[in-house]
Structure formats: structure tokens, C-alpha cells
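Peer 1: Sharing a structure below in C-alpha cells format, with a few things to ask.
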Amino acid sequence: MLGPGECVLSFAGLARFLIAMAQRSITVFDVQPAATPADIEHLLYDHVAPRIVAEQGPLVLHGSGVEIDGALAVFLGETGAGKSTLAASLHRAGHRLHGDDAVVLHEGPHGYTGSAVYPSLRLYPETIAEVFGDAAASSPMAHYSEKQRVDLRSIAAQPAPSAPIAGLFFLAGGYEDDPLAAELMRPSEACMAIVEQSFALDPSDKAKAARRLGQSSMLANAIPVYRLTYPHDFACMNDLHAMILACLGSNGTRPIMGRKAMND
């Protein structure tokens with residue numbers, strides 16, 4: 001029997017987590033034999049922690065945050081859309097990585113700011129080799145995934161403070177013949193996309209769902225939101241970076257359209 005403010009998050013075949021908000025405690029139980037310490041760490045930091053932060057009030061988005069010229073660009077999309085790869089490539093190009101999985105948003109008197117729930121970067125081995133070469137050490141993220149947790153001591157040792165949010169980018173496409181393009185989304189469309197990519201401890205809580213919808217609507221009307229399409233080809237990364245910087249400089253006044261993919 002769960003008490004007031006308690007809930008259980010279950011991850012089939014791995015473990016369950018008892019969250020007690022009033023006691024500010026997390027208890028892991030029913031840990032299965034197949035679960036490794038890396039699995040538990042991944043579940044705790046990448047799945048449980050963002051939901052706990054969201055339960056406390058702020059809007060928490062499932063996305064990567066990169067600071068560009070003092071402002072934060074947030075990249076969102078379904079699993080496999082390329083959020084982490086894009087964030088890693090921007091970090092490698094000299095921009096400050098906040099984290100690649102969860103971004104906490106706050107509205108203040110001067111607009112929106114954002115920061116990562118915790119500094120992280122998880123990539124497939126071939127992406128690590130392409131972006132970092134031999135410069136980055138890595139370790140398994142979880143036994144059921146090929147992704148590796150990249151050891152970037154510079155971001156772990158000095159977590160980035162909150163930064164003003166300059167734009168949101170929803171990643172789409174990923175095929176070789178996709179155009180390199182960014183299209184400004186309508187606020188109503190952007191609002192629903194933001195809701196879909198937000199964390200919630202209890203999605204069935206109608207009051208908190210209404211709160212997330214209101215937060216998402218306000219964000220979509222205050223910050224430029226783009227749909228970003230590009231071929232998943234490292235050869236076009238420099239052009240993709242240039243397009244993102246152009247969008248951030250445009251202040252959301254118009255869509256920025258890029259030229260066709262590099263192999264056209």
C-alpha cells in the first residue's frame with residue numbers, strides 16, 4: 001500500500017523504484033539478476049531523476065542542451081533522432097554542452113532559462129569515434145544498449161549554470177536524401193510537440209498534466225521553435241551547425257531554409 005506522495009516506477013526485467021516525495025527518498029527494490037550497476041545508474045539518472053524534478057513544478061524536457069554564444073539551444077526528438085550526436089558535434093566544435101538527456105526550464109522576469117538535470121553524454125561507439133576519435137574514454141551505459149557513456153570530465157567537473165534559452169529544435173528525418181532545412185513551427189504545433197517530449201512522474205495526474213500543457217503553451221509562444229531536418233551524415237555537420245547559429249540569430253522572425261544535402 002502506497003502512502004501519500006509515494007509512487008513506484010517499474011522497469012520490466014530490471015528493477016523498481018519507490019519514490020517518496022515527502023521523505024525525499026528513493027528506494028530501489030526487486031532488482032533482477034540481469035540488472036548491472038550501470039543499468040541502475042542509467043535508470044536513476046536518465047529516467048527517475050528527471051521525473052522527480054518535474055514533479056516539483058518546472059517543465060523538464062527530454063532533450064539535449066548546448067550553450068551557443070551564451071544562450072541555450074535545446075534539441076528534442078524521439079529516441080534515435082540524433083539529439084546526442086548533434087549535441088556532441090557542437091561540443092566538439094567549441095560550444096558548451098550542458099547535457100544530452102533532460103533540460104529543466106524556468107520562467108523568470110527576463111525570459112526562460114534552462115540547465116541540464118545532470119551533465120551527461122551517451123553515444124554509440126561509431127559516433128564516439130567519428131566525433132572524438134581517441135580523445136574520449138567511455139563505459140557501458142546499460143547492458144541492453146550499445147550506447148556508451150562518454151567520460152567528459154570538463155562538463156562533469158564544472159556543471160554549466162542556467163543559461164537563457166534562445167531556441168528549441170525538433171529533430172526530424174535522418175535519411176540520406178533529406179534536405180538540410182529549418183522551419184519555424186506554429187505555436188500550437190510546437191506546444192503539443194513540447195508536451196510529448198516532457199517528463200512526468202505520474203502521467204495520469206490530470207492537474208499536473210494541465211500544468212504541463214499551460215507551461216508548454218507559454219514556452220511555445222515565447223521562444224522560437226524549429227523543425228530541423230538533415231541527413232544523418234557527418235559530412236554535412238558544418239553546414240548544419242551554421243544553420244542552427246543562423247536560426248538563433250534570426251530571433252524567430254522567419255524560417256531559415258538551407259540548401260539540399262551535401263550528396264545532392
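By convention here, the chains of the C-alpha cells are called A, B, ... in the order presented, each chain's residues are numbered starting at 1, and ligands are numbered starting at 1 in the order presented.
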I'd like the neighbourhood of stretch 121-125 of chain A as a list of chain:residue names, where a residue qualifies if any of its atoms comes within 8 Å (using only C-alpha atoms), though same-chain residues fewer than 5 positions away should be ignored.
Peer 2: A:Ser84, A:Thr85, A:Ala88, A:Gly99, A:Asp100, A:Asp101, A:Met141, A:Glu146, A:Lys147, A:Gln148, A:Arg149, A:Val150, A:Asp151, A:Leu152
Peer 1: Restricting it to N, CA, C and O atoms, dump the selection as a tab-separated table (two decimals), in the first residue's frame.
Peer 2:
chain	number	residue	atom	x	y	z
A	84	SER	N	21.77	13.41	-29.15
A	84	SER	CA	23.08	13.30	-28.50
A	84	SER	C	24.22	13.52	-29.49
A	84	SER	O	25.22	14.16	-29.18
A	85	THR	N	24.07	12.96	-30.69
A	85	THR	CA	25.11	13.13	-31.71
A	85	THR	C	25.28	14.59	-32.08
A	85	THR	O	26.40	15.10	-32.18
A	88	ALA	N	26.91	16.44	-29.22
A	88	ALA	CA	28.33	16.11	-29.14
A	88	ALA	C	29.12	16.83	-30.21
A	88	ALA	O	30.23	17.32	-29.96
A	99	GLY	N	24.04	18.97	-21.23
A	99	GLY	CA	23.66	17.58	-21.02
A	99	GLY	C	22.89	17.10	-22.22
A	99	GLY	O	22.39	17.90	-23.02
A	100	ASP	N	22.76	15.77	-22.37
A	100	ASP	CA	22.16	15.25	-23.59
A	100	ASP	C	20.84	14.53	-23.37
A	100	ASP	O	20.36	13.84	-24.28
A	101	ASP	N	20.22	14.70	-22.20
A	101	ASP	CA	19.01	13.90	-21.99
A	101	ASP	C	17.84	14.66	-21.37
A	101	ASP	O	16.70	14.40	-21.72
A	141	MET	N	26.67	2.11	-20.98
A	141	MET	CA	25.54	2.82	-20.40
A	141	MET	C	24.60	1.85	-19.70
A	141	MET	O	24.14	2.09	-18.59
A	146	GLU	N	23.73	-0.63	-26.89
A	146	GLU	CA	25.08	-0.49	-27.41
A	146	GLU	C	25.67	0.88	-27.09
A	146	GLU	O	26.87	1.09	-27.27
A	147	LYS	N	24.86	1.80	-26.61
A	147	LYS	CA	25.37	3.13	-26.30
A	147	LYS	C	26.39	3.08	-25.17
A	147	LYS	O	26.30	2.24	-24.27
A	148	GLN	N	27.32	4.03	-25.23
A	148	GLN	CA	28.34	4.18	-24.21
A	148	GLN	C	28.19	5.53	-23.52
A	148	GLN	O	27.78	6.51	-24.14
A	149	ARG	N	28.50	5.56	-22.24
A	149	ARG	CA	28.52	6.83	-21.52
A	149	ARG	C	29.91	7.44	-21.68
A	149	ARG	O	30.91	6.86	-21.27
A	150	VAL	N	29.94	8.62	-22.30
A	150	VAL	CA	31.22	9.27	-22.61
A	150	VAL	C	31.73	10.02	-21.38
A	150	VAL	O	30.98	10.76	-20.73
A	151	ASP	N	32.99	9.83	-21.08
A	151	ASP	CA	33.62	10.49	-19.94
A	151	ASP	C	34.16	11.84	-20.39
A	151	ASP	O	35.24	11.93	-20.95
A	152	LEU	N	33.37	12.89	-20.17
A	152	LEU	CA	33.83	14.25	-20.47
A	152	LEU	C	34.02	14.97	-19.13
A	152	LEU	O	33.11	15.58	-18.59
Peer 1: Can you check which parts of stretch 209-228 of chain A lie within 12 Å of stretch 66-78 of chain A? Per residue, the shortest pair of atoms and distance in Å to one decimal, counting only C-alpha atoms, sorted by chain and number, as a tab-separated table.
Peer 2:
residue	atom	partner	partner_atom	distance
A:Ile223	CA	A:Ala73	CA	10.6
A:Pro224	CA	A:Ala73	CA	10.4
A:Val225	CA	A:Val74	CA	9.5
A:Tyr226	CA	A:Phe75	CA	9.6
A:Arg227	CA	A:Leu76	CA	9.6
A:Leu228	CA	A:Phe75	CA	9.3
Peer 1: Taking all heavy atoms for each residue, export the selection above as a short mmCIF file (atom, residue, chain, number, x, y, z; two decimals), in the first residue's frame.
Peer 2:
data_model
loop_
_atom_site.label_atom_id
_atom_site.label_comp_id
_atom_site.auth_asym_id
_atom_site.auth_seq_id
_atom_site.Cartn_x
_atom_site.Cartn_y
_atom_site.Cartn_z
N ILE A 223 9.32 31.44 -27.21
CA ILE A 223 10.63 31.05 -27.74
C ILE A 223 10.45 30.52 -29.16
O ILE A 223 9.52 29.76 -29.42
CB ILE A 223 11.25 29.94 -26.86
CG1 ILE A 223 11.46 30.42 -25.42
CG2 ILE A 223 12.58 29.46 -27.44
CD1 ILE A 223 12.48 31.51 -25.26
N PRO A 224 11.33 30.89 -30.11
CA PRO A 224 11.22 30.30 -31.45
C PRO A 224 11.48 28.80 -31.41
O PRO A 224 12.42 28.32 -30.77
CB PRO A 224 12.30 31.03 -32.25
CG PRO A 224 13.23 31.61 -31.24
CD PRO A 224 12.41 31.90 -30.03
N VAL A 225 10.60 28.06 -32.08
CA VAL A 225 10.69 26.60 -32.12
C VAL A 225 10.79 26.18 -33.58
O VAL A 225 9.94 26.55 -34.40
CB VAL A 225 9.48 25.94 -31.45
CG1 VAL A 225 9.63 24.42 -31.46
CG2 VAL A 225 9.29 26.45 -30.01
N TYR A 226 11.80 25.38 -33.91
CA TYR A 226 12.05 24.98 -35.29
C TYR A 226 11.93 23.47 -35.46
O TYR A 226 12.26 22.70 -34.54
CB TYR A 226 13.46 25.39 -35.72
CG TYR A 226 13.69 26.88 -35.79
CD1 TYR A 226 14.17 27.58 -34.68
CD2 TYR A 226 13.44 27.59 -36.96
CE1 TYR A 226 14.37 28.94 -34.74
CE2 TYR A 226 13.65 28.95 -37.03
CZ TYR A 226 14.11 29.62 -35.91
OH TYR A 226 14.31 30.98 -35.97
N ARG A 227 11.48 23.07 -36.64
CA ARG A 227 11.59 21.68 -37.06
C ARG A 227 12.84 21.59 -37.93
O ARG A 227 12.96 22.27 -38.95
CB ARG A 227 10.37 21.24 -37.85
CG ARG A 227 10.47 19.78 -38.33
CD ARG A 227 9.28 19.36 -39.17
NE ARG A 227 8.06 19.35 -38.38
CZ ARG A 227 7.12 20.28 -38.43
NH1 ARG A 227 7.25 21.32 -39.26
NH2 ARG A 227 6.04 20.21 -37.69
N LEU A 228 13.77 20.74 -37.52
CA LEU A 228 15.08 20.67 -38.16
C LEU A 228 15.19 19.34 -38.89
O LEU A 228 15.06 18.27 -38.28
CB LEU A 228 16.17 20.79 -37.11
CG LEU A 228 17.61 21.03 -37.55
CD1 LEU A 228 17.73 22.37 -38.25
CD2 LEU A 228 18.54 20.97 -36.35
#
Peer 1: From a backbone DSSP assignment, name each residue in stretch 21-245 of chain A labelled strand (DSSP E or B), as an NGL selection string.
Peer 2: :A and (25-29 or 59-61 or 63-68 or 71-76 or 96-99 or 103-108 or 111-116 or 122-123 or 137-140 or 148-151 or 163-172 or 181-184 or 198 or 225-229)
Peer 1: Apply DSSP to the backbone of this structure and, from stretch 122-216 of chain A, keep only the residues in alpha helix (DSSP H); write these as a VMD selection string.
Peer 2: chain A and resid 125 to 132 153 to 157 187 to 196 206 to 216
Peer 1: Print the selection's residues with N, CA and C atoms to a file, as a JSON list (two decimals), in the first residue's frame.
Peer 2:
[["chain", "number", "residue", "atom", "x", "y", "z"],
["A", 125, "PRO", "N", 29.28, 3.68, -30.19],
["A", 125, "PRO", "CA", 30.75, 3.67, -30.38],
["A", 125, "PRO", "C", 31.21, 4.30, -31.68],
["A", 126, "GLU", "N", 30.48, 4.05, -32.78],
["A", 126, "GLU", "CA", 30.91, 4.62, -34.06],
["A", 126, "GLU", "C", 30.79, 6.14, -34.06],
["A", 127, "THR", "N", 29.81, 6.67, -33.32],
["A", 127, "THR", "CA", 29.67, 8.13, -33.21],
["A", 127, "THR", "C", 30.79, 8.71, -32.37],
["A", 128, "ILE", "N", 31.14, 8.04, -31.29],
["A", 128, "ILE", "CA", 32.26, 8.49, -30.45],
["A", 128, "ILE", "C", 33.53, 8.57, -31.28],
["A", 129, "ALA", "N", 33.77, 7.54, -32.08],
["A", 129, "ALA", "CA", 34.98, 7.52, -32.91],
["A", 129, "ALA", "C", 34.96, 8.63, -33.94],
["A", 130, "GLU", "N", 33.79, 8.91, -34.52],
["A", 130, "GLU", "CA", 33.69, 9.93, -35.56],
["A", 130, "GLU", "C", 33.84, 11.33, -34.99],
["A", 131, "VAL", "N", 33.22, 11.58, -33.81],
["A", 131, "VAL", "CA", 33.22, 12.92, -33.24],
["A", 131, "VAL", "C", 34.48, 13.21, -32.45],
["A", 132, "PHE", "N", 34.92, 12.23, -31.64],
["A", 132, "PHE", "CA", 36.01, 12.48, -30.70],
["A", 132, "PHE", "C", 37.31, 11.74, -31.04],
["A", 153, "ARG", "N", 35.19, 14.86, -18.59],
["A", 153, "ARG", "CA", 35.44, 15.38, -17.25],
["A", 153, "ARG", "C", 35.24, 16.89, -17.17],
["A", 154, "SER", "N", 35.40, 17.58, -18.30],
["A", 154, "SER", "CA", 35.25, 19.03, -18.28],
["A", 154, "SER", "C", 33.83, 19.44, -17.94],
["A", 155, "ILE", "N", 32.82, 18.68, -18.39],
["A", 155, "ILE", "CA", 31.45, 19.06, -18.07],
["A", 155, "ILE", "C", 31.02, 18.49, -16.73],
["A", 156, "ALA", "N", 31.56, 17.32, -16.36],
["A", 156, "ALA", "CA", 31.18, 16.73, -15.08],
["A", 156, "ALA", "C", 31.77, 17.50, -13.91],
["A", 157, "ALA", "N", 33.01, 18.01, -14.09],
["A", 157, "ALA", "CA", 33.68, 18.72, -13.01],
["A", 157, "ALA", "C", 33.11, 20.11, -12.80],
["A", 187, "PRO", "N", 3.01, 28.09, -33.05],
["A", 187, "PRO", "CA", 2.96, 27.89, -31.60],
["A", 187, "PRO", "C", 2.07, 26.72, -31.17],
["A", 188, "SER", "N", 0.91, 26.54, -31.81],
["A", 188, "SER", "CA", 0.02, 25.45, -31.43],
["A", 188, "SER", "C", 0.66, 24.09, -31.69],
["A", 189, "GLU", "N", 1.33, 23.96, -32.83],
["A", 189, "GLU", "CA", 2.02, 22.72, -33.18],
["A", 189, "GLU", "C", 3.20, 22.49, -32.25],
["A", 190, "ALA", "N", 3.95, 23.56, -31.98],
["A", 190, "ALA", "CA", 5.11, 23.46, -31.10],
["A", 190, "ALA", "C", 4.69, 23.08, -29.69],
["A", 191, "CYS", "N", 3.55, 23.61, -29.23],
["A", 191, "CYS", "CA", 3.07, 23.32, -27.88],
["A", 191, "CYS", "C", 2.86, 21.83, -27.69],
["A", 192, "MET", "N", 2.16, 21.19, -28.61],
["A", 192, "MET", "CA", 1.88, 19.76, -28.47],
["A", 192, "MET", "C", 3.15, 18.93, -28.58],
["A", 193, "ALA", "N", 4.09, 19.37, -29.41],
["A", 193, "ALA", "CA", 5.36, 18.65, -29.53],
["A", 193, "ALA", "C", 6.15, 18.76, -28.23],
["A", 194, "ILE", "N", 6.09, 19.91, -27.58],
["A", 194, "ILE", "CA", 6.78, 20.10, -26.30],
["A", 194, "ILE", "C", 6.17, 19.20, -25.24],
["A", 195, "VAL", "N", 4.84, 19.13, -25.18],
["A", 195, "VAL", "CA", 4.17, 18.26, -24.21],
["A", 195, "VAL", "C", 4.62, 16.82, -24.38],
["A", 196, "GLU", "N", 4.69, 16.37, -25.64],
["A", 196, "GLU", "CA", 5.08, 14.98, -25.92],
["A", 196, "GLU", "C", 6.50, 14.68, -25.47],
["A", 206, "LYS", "N", -4.22, 14.52, -13.68],
["A", 206, "LYS", "CA", -4.82, 15.49, -14.59],
["A", 206, "LYS", "C", -4.40, 16.93, -14.26],
["A", 207, "ALA", "N", -4.29, 17.25, -12.98],
["A", 207, "ALA", "CA", -3.92, 18.61, -12.60],
["A", 207, "ALA", "C", -2.52, 18.95, -13.08],
["A", 208, "LYS", "N", -1.59, 18.01, -12.90],
["A", 208, "LYS", "CA", -0.21, 18.26, -13.34],
["A", 208, "LYS", "C", -0.09, 18.20, -14.85],
["A", 209, "ALA", "N", -0.94, 17.39, -15.51],
["A", 209, "ALA", "CA", -0.94, 17.37, -16.97],
["A", 209, "ALA", "C", -1.41, 18.72, -17.51],
["A", 210, "ALA", "N", -2.43, 19.30, -16.87],
["A", 210, "ALA", "CA", -2.91, 20.63, -17.27],
["A", 210, "ALA", "C", -1.83, 21.68, -17.05],
["A", 211, "ARG", "N", -1.07, 21.54, -15.97],
["A", 211, "ARG", "CA", 0.03, 22.47, -15.70],
["A", 211, "ARG", "C", 1.09, 22.38, -16.79],
["A", 212, "ARG", "N", 1.46, 21.16, -17.20],
["A", 212, "ARG", "CA", 2.46, 20.99, -18.25],
["A", 212, "ARG", "C", 1.98, 21.57, -19.57],
["A", 213, "LEU", "N", 0.69, 21.39, -19.85],
["A", 213, "LEU", "CA", 0.13, 21.94, -21.09],
["A", 213, "LEU", "C", 0.23, 23.46, -21.07],
["A", 214, "GLY", "N", -0.13, 24.07, -19.94],
["A", 214, "GLY", "CA", -0.03, 25.52, -19.83],
["A", 214, "GLY", "C", 1.40, 26.01, -19.95],
["A", 215, "GLN", "N", 2.33, 25.31, -19.30],
["A", 215, "GLN", "CA", 3.74, 25.68, -19.39],
["A", 215, "GLN", "C", 4.25, 25.55, -20.82],
["A", 216, "SER", "N", 3.83, 24.49, -21.50],
["A", 216, "SER", "CA", 4.28, 24.25, -22.87],
["A", 216, "SER", "C", 3.73, 25.32, -23.80]]
Peer 1: Quick one: of A:Pro4, A:Met218, A:Glu55, A:Ala49, who's nearest to A:Asp205, counting only C-alpha atoms?
Peer 2: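 Of A:Pro4, A:Met218, A:Glu55, A:Ala49, the one nearest A:Asp205, counting only C-alpha atoms, is A:Glu55.
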Peer 1: I need the residue nearest A:Leu43 from this list: A:Ala22, A:Leu219, A:Leu9, A:Ala137. Use only C-alpha atoms for the distance.
Peer 2: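 Under the stated criterion, the closest residue is A:Leu9.
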Peer 1: Please list as a VMD selection string every residue within 12 Å of A:Gln32, counting only C-alpha atoms and excluding residues in the same chain fewer than 4 positions away.
Peer 2: chain A and resid 10 to 16 28 36 to 37 39 to 40
Peer 1: When you draw a straight line from atom CA of A:Val60 to atom CA of A:Ala242, how long is it in Å?
Peer 2: 27.1 Å
Peer 1: Please, what distance in Å, to one decimal, runs between atom CA of A:Thr27 and atom CA of A:Leu61?
Peer 2: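 These atoms are spaced 24.2 Å apart.
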